[in-house]
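Peer 1: Below is a structure I'd like to ask you about.
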Amino acid sequence: MDKLEVFGARKLKGNVHISGSKNAALPILAASILSNKKIILNNLPNVKDIKTMIKLLESIGSIIKYSKKKNSITIQNKNKIKTFASYNLVKTMRAGILVLGPMLARYGNAKVSTPGGCTIGVRPIDIHLKALAKLGVNYKIVDGYVHAKSKKKLKGTKIKFPKISVGATENLIIASSMAEGTSILSNCAIEPEIKDLINFINCIGGKIKWIGKRTLKIQGVNNFKEAKYNIMPDRIEAGTYLIAAAVTEGKLKISGINPNIIRTEIEIFKKLGLKIKIEKNQINIIGTKDIKSINLKTSPYPGFPTDLQAQLMVLLCKSKKLSIISEEIFENRFMHVAELNRMGAKIKTKGNKAFIEGNTNFKSAELMATDLRASVSLILAALIAKGKTTINRIYHLDRGYEQIEKKLRKVGAKIRRVS
Ligand code: UD1
């Protein structure tokens, strides 16, 4: 199994270009099931989760052509597809459950494996299923598969999500887009990736509009049209490289990202003492020795994202005083703490809170990566530790970061993959 070797204590300098967003591309790929017309998608990130989702589409009969243009594909669905998503394809990637909504909307039946993905919490799909039931779906779970059916076409209705869920909002937006009549979805997630999904569906002929801060009105349509769509940039990748500049006290230009979609993160980085200058589609950051402490909680957008919590924790280890992070989204998202402590960090956890003592001089070590964002947090710590750090079991990292070693090497890191 591949591992990474990082030789730390080097300041990063230069330009990092941000790839397309994995979490926007996954629901958009799933939504392509709605249509039997040609769809061209540009700016797809070249990461494992996207390859898995494309394999899933191919396994049900979609014809995918890779264009000569980098990171671009054409999808052409037949009139009939297999409404089946196997455990083998869905086990590594939670977003596999997103094919349930479009399969039901177009064909009225689906058998989809319950999802896998990162081990950061229980991650149930009850909100997806109960909301789909309101559109007229009957379902049961047998041997790890959701067996779902509707007697007729899905029927638009009013749905209020009991809790904000990115995935459930996406599944229901996609399903309602092809349901009969109008759906009103309230208490929706409003992450930029949700907005990208809506822009995509509207681009292929859907009728979705916001009628409140977290409320959507969706008019179902029967047929979709050909379209070309550019996936938005990855805001979590951008945040990760901003933190990489900060921890190494370097100087980076992060390009290809609209700074407005990471305004909360930028405000927090400024509070911590980092110098940040915003230009159109570019963020310039200069690191500092003097990182301030902070008390912060993760929350749904526009709050601070749980997907940057592990990375931020590495930066807070450099502060002079105690910082506290409350993880409000997932119940088991501190798996990086044990490994960071092995590198010299002084972090204690109690329930969903992490107490980060600061004043850490990271030391190199042999490490084991766990979930996707935890894996990248170990790289960040390794970038500032003197000596060689080896990070084992990095397959989660490849699920979500495009060419991370190449991008880091380009700005001065000494990092290599050992196969
Ligand atoms: C998505 C992102 C993930 C991010 C998360 C929160 C993708 C592919 N993944 O995951 O990177 O960390 O949003 O921003 O876009 N929940 C339930 N029942 C459900 C669904 C969710 O209880 O049916 C709970 C979850 O366990 C969690 C919370 O709701 O505690 C939020 O999860 P959700 O927003 O659904 O996350 P994902 O869509 O899985």
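Just so we're on the same page: first chain in the structure tokens is A, next is B, and so on; residues restart at 1 for each chain, and ligands are numbered from 1 in the order they show up.
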Got a sec to tell me which of region 128-342 of chain A DSSP assigns to alpha helix (DSSP H), as a PyMOL selection string?

Peer 2: chain A and resi 128-134+166-176+192-203+235-247+263-271+309-316+335-342

Peer 1: Skipping near chain neighbours, those fewer than 4 positions away, what residues fall within 7 Å of Leu367 (chain A) using only C-alpha atoms, listed as a VMD selection string?

Peer 2: chain A and resid 339 390 to 392

Peer 1: For Ile204 (chain A), which of A:Lys134, A:Lys38, A:Lys152, A:Lys320 is the closest residue, counting only C-alpha atoms?

Peer 2: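 Answer, going by the shortest atom-to-atom distance: A:Lys38.
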
Peer 1: Residues within 7 Å of ligand 1 (only C-alpha atoms and all ligand atoms), as an MDAnalysis selection string?

Peer 2: chainID A and resid 23:24 26 94:95 121:128 163:168 300 305:307 329:331

Peer 1: Hey, what's within 12 Å of Met232 (chain A) if we count only C-alpha atoms and toss same-chain stuff fewer than 6 positions away? As a ChimeraX atom specification, please?

Peer 2: /A:18-26,28,41-45,192-197,199-200,238,256-258,261,281

Peer 1: From the list A:Ser293, A:Gln282, A:Gln311, A:Asn171, which residue is nearest Leu372 (chain A) when using only C-alpha atoms?

Peer 2: A:Gln311

Peer 1: So which residues of region 180-317 of chain A fall under strand (DSSP E) by DSSP, listed as an MDAnalysis selection string?

Peer 2: chainID A and resid 182:186 207:212 215:219 227:230 251:255 275:279 282:286 295:297

Peer 1: Taking only C-alpha atoms into account, name the residue in A:Arg106, A:Lys111, A:His147, A:His396 that is nearest to Met178 (chain A).

Peer 2: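 Going through A:Arg106, A:Lys111, A:His147, A:His396 one by one, the smallest distance to Met178 (chain A) is for A:Arg106.
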
Peer 1: Hey, which of A:Ile64, A:Ala175, A:Ala189, A:Leu397 ends up closest to Pro162 (chain A)? Count only C-alpha atoms.

Peer 2: A:Ala189

Peer 1: Looking at A:Val376, A:Leu383, A:Val137, A:Leu12, which one is nearest to Glu249 (chain A), with distances taken over only C-alpha atoms?

Peer 2: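 Between A:Val376, A:Leu383, A:Val137, A:Leu12, the residue approaching Glu249 (chain A) most closely is A:Leu12.
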
Peer 1: Could you give me, as a PyMOL selection string, the residues within 8 Å of Gly412 (chain A), counting only C-alpha atoms and dropping anything in the same chain fewer than 6 positions from it?

Peer 2: chain A and resi 10-13

Peer 1: Go ahead and save the picked residues with all heavy atoms, as a short mmCIF file (atom, residue, chain, number, x, y, z; two decimals), in the first residue's frame.

Peer 2:
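Wrote it out as again_16.cif, contents follow:
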```
data_model
loop_
_atom_site.label_atom_id
_atom_site.label_comp_id
_atom_site.auth_asym_id
_atom_site.auth_seq_id
_atom_site.Cartn_x
_atom_site.Cartn_y
_atom_site.Cartn_z
N ARG A 10 10.30 23.20 6.03
CA ARG A 10 10.53 24.05 4.84
C ARG A 10 9.34 24.99 4.67
O ARG A 10 8.20 24.58 4.81
CB ARG A 10 10.62 23.18 3.59
CG ARG A 10 11.94 22.49 3.45
CD ARG A 10 11.92 21.51 2.30
NE ARG A 10 13.25 20.98 2.09
CZ ARG A 10 13.82 20.06 2.87
NH1 ARG A 10 13.17 19.58 3.90
NH2 ARG A 10 15.05 19.66 2.62
N LYS A 11 9.65 26.25 4.37
CA LYS A 11 8.56 27.22 4.14
C LYS A 11 8.02 27.04 2.74
O LYS A 11 8.80 26.88 1.80
CB LYS A 11 9.09 28.64 4.29
CG LYS A 11 9.47 28.96 5.71
CD LYS A 11 9.86 30.40 5.89
CE LYS A 11 10.33 30.53 7.33
NZ LYS A 11 10.18 31.76 7.95
N LEU A 12 6.73 27.09 2.58
CA LEU A 12 6.15 26.97 1.23
C LEU A 12 6.05 28.34 0.58
O LEU A 12 5.69 29.32 1.23
CB LEU A 12 4.76 26.34 1.30
CG LEU A 12 4.67 24.95 1.94
CD1 LEU A 12 3.26 24.39 1.78
CD2 LEU A 12 5.68 23.97 1.35
N LYS A 13 6.39 28.39 -0.70
CA LYS A 13 6.34 29.66 -1.45
C LYS A 13 5.92 29.40 -2.88
O LYS A 13 6.42 28.47 -3.50
CB LYS A 13 7.75 30.27 -1.48
CG LYS A 13 7.92 31.35 -0.49
CD LYS A 13 9.16 32.15 -0.72
CE LYS A 13 9.39 32.97 0.53
NZ LYS A 13 10.76 33.08 0.90
#
```

Peer 1: Rank A:Leu154, A:Ile50, A:Leu172, A:Ala31 by their smallest atom-to-atom distance to Asp398 (chain A), using only C-alpha atoms, and report the top residue only.

Peer 2: A:Ile50

Peer 1: Please, what distance in Å, to one decimal, runs between CA of Ala345 (chain A) and CA of Thr360 (chain A)?

Peer 2: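 Those two atoms sit 5.5 Å apart.
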
Peer 1: Would you list the contacts of Gly136 (chain A) as a list in words, taking every protein, DNA or RNA residue within 8 Å and counting only C-alpha atoms, but skipping same-chain residues closer than 4 positions in sequence?

Peer 2: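 What passes the distance filter is Leu132, Ser150, Lys151, Leu154 and Lys155 of chain A.
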
Peer 1: Include N, CA, C and O atoms and write out the residues we just selected as a PDB file, in the first residue's frame.

Peer 2:
```
ATOM      1  N   LEU A 132     -37.592  10.891   0.979  1.00  0.00           N
ATOM      2  CA  LEU A 132     -38.003  10.246  -0.285  1.00  0.00           C
ATOM      3  C   LEU A 132     -39.378   9.592  -0.123  1.00  0.00           C
ATOM      4  O   LEU A 132     -40.199   9.612  -1.045  1.00  0.00           O
ATOM      5  N   SER A 150     -41.546   3.122  -6.169  1.00  0.00           N
ATOM      6  CA  SER A 150     -42.738   3.967  -6.056  1.00  0.00           C
ATOM      7  C   SER A 150     -43.776   3.406  -7.036  1.00  0.00           C
ATOM      8  O   SER A 150     -43.411   2.918  -8.108  1.00  0.00           O
ATOM      9  N   LYS A 151     -45.053   3.484  -6.657  1.00  0.00           N
ATOM     10  CA  LYS A 151     -46.102   2.893  -7.515  1.00  0.00           C
ATOM     11  C   LYS A 151     -46.188   3.650  -8.836  1.00  0.00           C
ATOM     12  O   LYS A 151     -46.307   3.090  -9.891  1.00  0.00           O
ATOM     13  N   LEU A 154     -42.865   9.896  -8.936  1.00  0.00           N
ATOM     14  CA  LEU A 154     -42.760  10.587  -7.643  1.00  0.00           C
ATOM     15  C   LEU A 154     -43.656  11.818  -7.674  1.00  0.00           C
ATOM     16  O   LEU A 154     -43.824  12.447  -8.714  1.00  0.00           O
ATOM     17  N   LYS A 155     -44.212  12.153  -6.512  1.00  0.00           N
ATOM     18  CA  LYS A 155     -45.154  13.269  -6.468  1.00  0.00           C
ATOM     19  C   LYS A 155     -44.595  14.381  -5.583  1.00  0.00           C
ATOM     20  O   LYS A 155     -44.284  14.147  -4.408  1.00  0.00           O
TER      21      LYS A 155
END
```

Peer 1: Would you mind reading off the distance between CA of Glu328 (chain A) and CA of Lys353 (chain A), one decimal, in Å?

Peer 2: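 That distance, rounded to one decimal, is 8.9 Å.
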
Peer 1: Report, in Å with one decimal, the straight-line distance from CA of Ser377 (chain A) to CA of Lys346 (chain A).

Peer 2: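 About the pair CA of Ser377 (chain A) and CA of Lys346 (chain A): they are 15.1 Å apart.
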
Peer 1: As a PyMOL selection string, please: the residues near Gly287 (chain A) (cut-off 6 Å, only C-alpha atoms, same-chain neighbours under 4 positions excluded).

Peer 2: chain A and resi 245-246+249-250+274
